>>> print(open('entry.txt').read())   # compact mmCIF, C-alpha atoms and all ligand atoms
# COMPACT_ATOMS: atom_id res chain seq x y z
CA MET N 218 -77.04 101.49 -106.17
CA ILE N 219 -74.30 102.40 -108.59
CA PRO N 220 -72.81 105.83 -107.92
CA GLY N 221 -72.84 108.33 -110.77
CA PRO N 222 -70.49 107.57 -113.62
CA ASP N 223 -68.19 110.46 -112.91
CA ALA N 224 -68.27 110.29 -109.12
CA ILE N 225 -64.75 108.92 -108.98
CA LEU N 226 -63.53 111.74 -111.19
CA GLU N 227 -64.78 114.18 -108.54
CA GLN N 228 -62.58 112.68 -105.84
CA LYS N 229 -59.77 114.81 -104.44
CA TYR N 230 -56.68 113.94 -102.41
CA PRO N 231 -56.51 111.78 -100.36
CA PHE N 232 -57.99 109.28 -102.79
CA THR N 233 -59.80 106.14 -101.68
CA VAL N 234 -60.65 102.85 -103.35
CA PRO N 235 -64.39 102.57 -103.99
CA ALA N 236 -66.07 99.45 -102.66
CA LEU N 237 -66.72 96.83 -105.29
CA GLY N 238 -70.44 97.05 -104.50
CA TYR N 239 -71.06 93.35 -105.16
CA ALA N 240 -69.69 89.98 -104.12
CA THR N 241 -66.34 88.91 -105.52
CA THR N 242 -68.13 85.82 -106.84
CA ALA N 243 -70.79 87.88 -108.64
CA VAL N 244 -69.04 88.04 -112.01
CA GLU N 245 -68.13 84.36 -112.14
CA PRO N 246 -67.48 82.55 -114.36
CA ALA N 247 -66.31 85.48 -116.53
CA VAL N 248 -64.05 86.72 -113.76
CA ASP N 249 -63.19 84.35 -110.93
CA ALA N 250 -63.44 85.47 -107.31
CA GLN N 251 -59.73 85.17 -106.61
CA THR N 252 -58.84 87.41 -109.53
CA MET N 253 -61.55 89.87 -108.52
CA THR N 254 -60.25 90.03 -104.95
CA ILE N 255 -56.60 90.45 -105.86
CA HIS N 256 -57.38 92.89 -108.63
CA HIS N 257 -59.57 95.16 -106.50
CA ASP N 258 -58.00 94.81 -103.07
CA ARG N 259 -54.35 94.81 -104.12
CA HIS N 260 -53.83 96.18 -107.63
CA HIS N 261 -56.40 98.97 -107.51
CA ALA N 262 -55.48 99.73 -103.91
CA ALA N 263 -51.81 100.04 -104.89
CA TYR N 264 -52.60 102.65 -107.53
CA VAL N 265 -54.47 104.68 -104.92
CA THR N 266 -51.71 104.32 -102.31
CA ASN N 267 -49.04 105.29 -104.81
CA LEU N 268 -51.05 108.25 -106.07
CA ASN N 269 -51.53 109.52 -102.51
CA THR N 270 -47.84 109.07 -101.75
CA ALA N 271 -46.81 110.96 -104.88
CA LEU N 272 -49.17 113.86 -104.16
CA ALA N 273 -48.66 114.07 -100.38
CA SER N 274 -46.21 116.98 -100.64
CA GLN N 275 -47.92 118.58 -103.66
CA THR N 276 -50.39 120.59 -101.60
CA ALA N 277 -51.28 122.87 -104.52
CA LEU N 278 -52.74 119.85 -106.29
CA HIS N 279 -54.99 118.80 -103.40
CA GLN N 280 -57.73 121.18 -104.56
CA HIS N 281 -57.99 119.41 -107.92
CA THR N 282 -60.24 116.48 -108.70
CA LEU N 283 -58.99 113.23 -110.20
CA GLY N 284 -60.61 114.21 -113.48
CA GLU N 285 -58.81 117.55 -113.49
CA LEU N 286 -55.50 115.92 -112.64
CA LEU N 287 -55.82 113.58 -115.62
CA MET N 288 -57.25 116.01 -118.15
CA GLY N 289 -54.73 118.71 -117.24
CA LEU N 290 -51.69 116.43 -116.88
CA ARG N 291 -49.26 118.69 -118.74
CA ARG N 292 -50.02 121.59 -116.37
CA TRP N 293 -48.70 119.83 -113.28
CA PRO N 294 -45.11 119.68 -111.99
CA ALA N 295 -42.98 117.36 -114.11
CA ALA N 296 -42.00 115.40 -111.02
CA VAL N 297 -45.54 114.09 -110.52
CA GLN N 298 -46.83 113.77 -114.07
CA THR N 299 -45.80 110.12 -114.41
CA ALA N 300 -47.35 109.23 -111.06
CA ILE N 301 -50.61 110.93 -111.98
CA ARG N 302 -50.64 109.31 -115.40
CA ASN N 303 -49.95 105.80 -114.10
CA ASN N 304 -51.60 105.78 -110.68
CA GLY N 305 -54.28 108.40 -111.23
CA GLY N 306 -55.13 106.64 -114.46
CA GLY N 307 -55.11 103.29 -112.71
CA HIS N 308 -57.51 104.60 -110.08
CA ALA N 309 -59.99 106.10 -112.55
CA ASN N 310 -59.80 103.20 -114.98
CA HIS N 311 -60.44 100.52 -112.37
CA ALA N 312 -63.25 102.43 -110.69
CA LEU N 313 -65.11 102.46 -114.01
CA PHE N 314 -64.22 98.85 -114.72
CA TRP N 315 -65.83 97.59 -111.49
CA LYS N 316 -69.03 99.46 -112.28
CA LEU N 317 -69.12 98.14 -115.84
CA LEU N 318 -69.05 94.61 -114.40
CA SER N 319 -71.86 95.31 -111.91
CA PRO N 320 -74.35 92.45 -112.04
CA GLY N 321 -77.70 93.28 -113.54
CA GLY N 322 -78.43 96.24 -115.70
CA ALA N 323 -79.14 96.24 -119.39
CA SER N 324 -77.53 93.50 -121.49
CA ALA N 325 -77.56 95.74 -124.58
CA PRO N 326 -77.09 99.48 -125.17
CA SER N 327 -80.18 101.66 -125.25
CA GLY N 328 -81.11 105.29 -125.74
CA LYS N 329 -78.51 107.78 -126.87
CA LEU N 330 -75.63 105.32 -126.59
CA ALA N 331 -77.45 102.82 -128.83
CA GLU N 332 -78.10 105.57 -131.37
CA TRP N 333 -74.48 106.61 -131.37
CA ILE N 334 -73.25 103.03 -131.68
CA ALA N 335 -75.52 102.50 -134.69
CA ARG N 336 -74.28 105.76 -136.19
CA ASP N 337 -70.56 105.18 -135.62
CA PHE N 338 -70.19 101.38 -135.77
CA GLY N 339 -73.30 100.10 -137.50
CA SER N 340 -74.18 97.64 -134.73
CA THR N 341 -73.30 96.61 -131.20
CA ASP N 342 -71.75 93.42 -132.54
CA ALA N 343 -69.48 95.48 -134.80
CA LEU N 344 -68.48 97.62 -131.82
CA LYS N 345 -67.75 94.53 -129.72
CA ALA N 346 -65.60 93.11 -132.52
CA GLN N 347 -63.58 96.33 -132.61
CA LEU N 348 -63.18 96.34 -128.82
CA LYS N 349 -62.04 92.73 -128.88
CA ALA N 350 -59.56 93.50 -131.66
CA ALA N 351 -58.21 96.47 -129.70
CA GLY N 352 -57.83 94.28 -126.61
CA THR N 353 -56.18 91.34 -128.31
CA GLY N 354 -53.99 93.68 -130.35
CA GLN N 355 -52.73 95.69 -127.39
CA PHE N 356 -49.09 94.65 -127.04
CA GLY N 357 -48.25 94.10 -123.38
CA SER N 358 -50.33 95.80 -120.73
CA GLY N 359 -53.11 98.23 -121.43
CA TRP N 360 -56.80 98.70 -122.01
CA ALA N 361 -59.30 98.60 -124.85
CA TRP N 362 -61.61 101.60 -124.71
CA LEU N 363 -64.85 102.87 -126.12
CA VAL N 364 -64.59 106.64 -125.84
CA LYS N 365 -66.57 109.77 -126.60
CA THR N 366 -64.33 112.07 -128.58
CA ALA N 367 -64.10 115.85 -128.31
CA THR N 368 -66.45 116.08 -131.30
CA ASN N 369 -69.08 113.81 -129.70
CA ARG N 370 -68.32 110.76 -131.79
CA LEU N 371 -67.69 107.28 -130.47
CA ALA N 372 -64.34 105.65 -131.13
CA VAL N 373 -62.41 102.56 -130.05
CA ARG N 374 -58.91 103.04 -128.70
CA GLY N 375 -56.18 100.70 -127.54
CA LEU N 376 -54.11 102.51 -124.93
CA PRO N 377 -50.99 101.25 -123.12
CA ASN N 378 -50.44 100.83 -119.40
CA GLN N 379 -52.93 102.88 -117.32
CA ASP N 380 -53.27 105.73 -119.79
CA SER N 381 -56.74 107.20 -119.39
CA PRO N 382 -58.63 108.47 -122.43
CA LEU N 383 -59.05 111.64 -120.36
CA LEU N 384 -55.37 112.43 -120.99
CA GLU N 385 -56.38 113.23 -124.57
CA GLY N 386 -59.67 114.85 -123.64
CA GLU N 387 -61.77 111.80 -124.49
CA LEU N 388 -64.40 110.45 -122.12
CA PRO N 389 -64.18 106.74 -121.26
CA ILE N 390 -67.44 104.86 -121.78
CA VAL N 391 -66.31 101.22 -121.73
CA GLY N 392 -62.88 100.08 -120.56
CA LEU N 393 -61.57 96.53 -120.80
CA ASP N 394 -58.50 95.81 -118.69
CA VAL N 395 -56.10 93.55 -120.61
CA TRP N 396 -53.27 93.55 -118.11
CA GLU N 397 -52.36 89.95 -117.30
CA HIS N 398 -53.33 90.57 -113.65
CA ALA N 399 -56.93 90.92 -114.87
CA TYR N 400 -57.22 87.44 -116.34
CA TYR N 401 -54.13 85.25 -116.06
CA LEU N 402 -55.20 83.05 -113.13
CA LYS N 403 -58.23 81.80 -115.03
CA TYR N 404 -57.42 82.32 -118.70
CA GLN N 405 -53.60 82.17 -118.82
CA ASN N 406 -52.67 83.22 -122.37
CA ARG N 407 -56.27 83.15 -123.68
CA ARG N 408 -56.85 86.88 -123.69
CA ALA N 409 -59.42 86.63 -126.48
CA ASP N 410 -61.60 84.26 -124.43
CA TYR N 411 -61.39 86.62 -121.46
CA LEU N 412 -62.48 89.52 -123.68
CA ASP N 413 -65.43 87.55 -125.02
CA ALA N 414 -66.52 86.82 -121.45
CA LEU N 415 -66.16 90.46 -120.40
CA LEU N 416 -68.02 91.78 -123.42
CA ALA N 417 -70.92 89.47 -122.58
CA ARG N 418 -71.05 90.90 -119.05
CA ILE N 419 -70.96 94.64 -119.70
CA ASN N 420 -73.61 96.52 -117.75
CA TRP N 421 -74.84 98.77 -120.54
CA ASP N 422 -76.78 100.97 -118.12
CA VAL N 423 -73.43 101.99 -116.63
CA ALA N 424 -71.93 102.56 -120.07
CA GLY N 425 -74.98 104.51 -121.21
CA ALA N 426 -74.80 106.80 -118.20
CA GLN N 427 -71.37 107.93 -119.37
CA VAL N 428 -72.76 109.61 -122.49
CA LEU N 429 -75.73 111.38 -120.90
MN MN3 C 501 -56.13 96.08 -113.67
>>> encode(input="entry.txt", output="structure tokens", more="lines below")
Ligand code: MN3
Amino acid sequence: MIPGPDAILEQKYPFTVPALGYATTAVEPAVDAQTMTIHHDRHHAAYVTNLNTALASQTALHQHTLGELLMGLRRWPAAVQTAIRNNGGGHANHALFWKLLSPGGASAPSGKLAEWIARDFGSTDALKAQLKAAGTGQFGSGWAWLVKTATNRLAVRGLPNQDSPLLEGELPIVGLDVWEHAYYLKYQNRRADYLDALLARINWDVAGAQVL
């Protein structure tokens, strides 16, 4: 059972890493088990640890959800904005990423998401091409995103580091991690091949639940 799409955004301090929910071998060969283990158990866990450390003394922020912390970033004390942006973003982004790679589920968009993709991109293949271009074109570390904009359109974004689309009031629907830690053990410099493999593994039920 996959928890609701926004469940992670409802978390409050102290934050916890969600279980992967499937075997580390389950996404092979697209993502190898060693990468999956290191990525989830160390990289994602580090974002959560660092977020908790940064917010430990910020008791006024403990009442706010992860989603609120990201969407309202400029409202918080300057001393913790960078930590929330980087580590809060890292937590939210990876939690969605693991769900998008969940084995099973629809292999193509359906329902409202399919309608919106047809409206805004023409076809799922055209969307995938734009996501791949955003991922390969992202200089250094970052993510390629399919987002729902404030005006209920779909758009592809390339964002640096762990910047969440939520920082700009856009809802993440699909996120593709193009940090080297996500693919280097298996793909080395072949980021485009990694993106092809990811795009073929997207659980479109998870993505579709984001636009309901
Ligand atoms: Mn990552």
>>> residues_around(input="entry.txt", residues="segment 288-294 of chain N", least_positions_apart="3", cutoff="8 Å", atoms="only C-alpha atoms", output="ChimeraX atom specification")
/N:284-285,297-298,301-302,383-386
>>> residues_near_ligand(input="entry.txt", ligand="ligand MN3 501 (chain C)", cutoff="12 Å", atoms="all atoms listed in the file", output="MDAnalysis selection string")
chainID N and resid 252:264 303:304 306:315 358:361 377:380 392:401
>>> residues_near_point(input="entry.txt", point="(-69.6, 92.7, -118.9)", cutoff="12 Å", atoms="all atoms listed in the file", output="ChimeraX atom specification")
/N:243-248,313-326,345,391-394,411-424
>>> closest_residue(input="entry.txt", among="N:Pro231, N:Pro382, N:Gly425, N:Gly339", to="Ala367 of chain N", atoms="only C-alpha atoms")
N:Pro382
>>> atom_distance(input="entry.txt", atom1="atom CA of Ile390 of chain N", atom2="atom CA of Ala295 of chain N")
28.5 Å
>>> atom_distance(input="entry.txt", atom1="atom CA of Gln280 of chain N", atom2="atom CA of Tyr230 of chain N")
7.6 Å
>>> atom_distance(input="entry.txt", atom1="atom CA of Leu388 of chain N", atom2="atom CA of Gln427 of chain N")
7.9 Å
>>> residues_around(input="entry.txt", residues="Ile334 of chain N", least_positions_apart="2", cutoff="12 Å", atoms="all atoms listed in the file", output="count of residues only")
31
>>> closest_residue(input="entry.txt", among="N:Lys403, N:Leu376, N:Trp333, N:Gln228", to="Leu429 of chain N", atoms="all atoms listed in the file")
N:Trp333
>>> build_atoms(input="entry.txt", residues="segment 371-391 of chain N", atoms="N, CA and C atoms", output="PDB file, keeping the file's coordinate frame")
ATOM      1  N   LEU N 371     -68.221 108.432-131.191  1.00  0.00           N
ATOM      2  CA  LEU N 371     -67.690 107.280-130.470  1.00  0.00           C
ATOM      3  C   LEU N 371     -66.489 106.735-131.233  1.00  0.00           C
ATOM      4  N   ALA N 372     -65.507 106.233-130.492  1.00  0.00           N
ATOM      5  CA  ALA N 372     -64.340 105.650-131.130  1.00  0.00           C
ATOM      6  C   ALA N 372     -63.771 104.571-130.221  1.00  0.00           C
ATOM      7  N   VAL N 373     -63.111 103.595-130.809  1.00  0.00           N
ATOM      8  CA  VAL N 373     -62.410 102.560-130.050  1.00  0.00           C
ATOM      9  C   VAL N 373     -60.934 102.888-130.036  1.00  0.00           C
ATOM     10  N   ARG N 374     -60.333 102.779-128.867  1.00  0.00           N
ATOM     11  CA  ARG N 374     -58.910 103.040-128.700  1.00  0.00           C
ATOM     12  C   ARG N 374     -58.259 101.874-127.965  1.00  0.00           C
ATOM     13  N   GLY N 375     -57.029 101.574-128.339  1.00  0.00           N
ATOM     14  CA  GLY N 375     -56.180 100.700-127.540  1.00  0.00           C
ATOM     15  C   GLY N 375     -55.112 101.570-126.923  1.00  0.00           C
ATOM     16  N   LEU N 376     -55.082 101.634-125.590  1.00  0.00           N
ATOM     17  CA  LEU N 376     -54.110 102.510-124.930  1.00  0.00           C
ATOM     18  C   LEU N 376     -53.211 101.675-124.019  1.00  0.00           C
ATOM     19  N   PRO N 377     -51.923 102.025-123.936  1.00  0.00           N
ATOM     20  CA  PRO N 377     -50.990 101.250-123.120  1.00  0.00           C
ATOM     21  C   PRO N 377     -51.105 101.567-121.627  1.00  0.00           C
ATOM     22  N   ASN N 378     -50.632 100.629-120.846  1.00  0.00           N
ATOM     23  CA  ASN N 378     -50.440 100.830-119.400  1.00  0.00           C
ATOM     24  C   ASN N 378     -51.746 101.286-118.737  1.00  0.00           C
ATOM     25  N   GLN N 379     -51.699 102.359-117.927  1.00  0.00           N
ATOM     26  CA  GLN N 379     -52.930 102.880-117.320  1.00  0.00           C
ATOM     27  C   GLN N 379     -53.312 104.216-117.926  1.00  0.00           C
ATOM     28  N   ASP N 380     -52.909 104.471-119.145  1.00  0.00           N
ATOM     29  CA  ASP N 380     -53.270 105.730-119.790  1.00  0.00           C
ATOM     30  C   ASP N 380     -54.787 105.854-119.867  1.00  0.00           C
ATOM     31  N   SER N 381     -55.306 106.933-119.317  1.00  0.00           N
ATOM     32  CA  SER N 381     -56.740 107.200-119.390  1.00  0.00           C
ATOM     33  C   SER N 381     -57.061 107.937-120.675  1.00  0.00           C
ATOM     34  N   PRO N 382     -58.200 107.655-121.295  1.00  0.00           N
ATOM     35  CA  PRO N 382     -58.630 108.470-122.430  1.00  0.00           C
ATOM     36  C   PRO N 382     -58.719 109.957-122.081  1.00  0.00           C
ATOM     37  N   LEU N 383     -58.938 110.244-120.800  1.00  0.00           N
ATOM     38  CA  LEU N 383     -59.050 111.640-120.360  1.00  0.00           C
ATOM     39  C   LEU N 383     -57.768 112.420-120.628  1.00  0.00           C
ATOM     40  N   LEU N 384     -56.629 111.745-120.708  1.00  0.00           N
ATOM     41  CA  LEU N 384     -55.370 112.430-120.990  1.00  0.00           C
ATOM     42  C   LEU N 384     -55.435 113.160-122.327  1.00  0.00           C
ATOM     43  N   GLU N 385     -56.237 112.623-123.241  1.00  0.00           N
ATOM     44  CA  GLU N 385     -56.380 113.230-124.570  1.00  0.00           C
ATOM     45  C   GLU N 385     -57.746 113.904-124.718  1.00  0.00           C
ATOM     46  N   GLY N 386     -58.397 114.149-123.594  1.00  0.00           N
ATOM     47  CA  GLY N 386     -59.670 114.850-123.640  1.00  0.00           C
ATOM     48  C   GLY N 386     -60.828 114.014-124.137  1.00  0.00           C
ATOM     49  N   GLU N 387     -60.691 112.693-124.065  1.00  0.00           N
ATOM     50  CA  GLU N 387     -61.770 111.800-124.490  1.00  0.00           C
ATOM     51  C   GLU N 387     -62.379 111.121-123.258  1.00  0.00           C
ATOM     52  N   LEU N 388     -63.700 110.992-123.275  1.00  0.00           N
ATOM     53  CA  LEU N 388     -64.400 110.450-122.120  1.00  0.00           C
ATOM     54  C   LEU N 388     -64.513 108.935-122.220  1.00  0.00           C
ATOM     55  N   PRO N 389     -64.026 108.194-121.224  1.00  0.00           N
ATOM     56  CA  PRO N 389     -64.180 106.740-121.260  1.00  0.00           C
ATOM     57  C   PRO N 389     -65.636 106.319-121.068  1.00  0.00           C
ATOM     58  N   ILE N 390     -66.073 105.392-121.891  1.00  0.00           N
ATOM     59  CA  ILE N 390     -67.440 104.860-121.780  1.00  0.00           C
ATOM     60  C   ILE N 390     -67.388 103.381-121.389  1.00  0.00           C
ATOM     61  N   VAL N 391     -66.567 102.611-122.086  1.00  0.00           N
ATOM     62  CA  VAL N 391     -66.310 101.220-121.730  1.00  0.00           C
ATOM     63  C   VAL N 391     -64.801 101.024-121.713  1.00  0.00           C
TER      64      VAL N 391
END
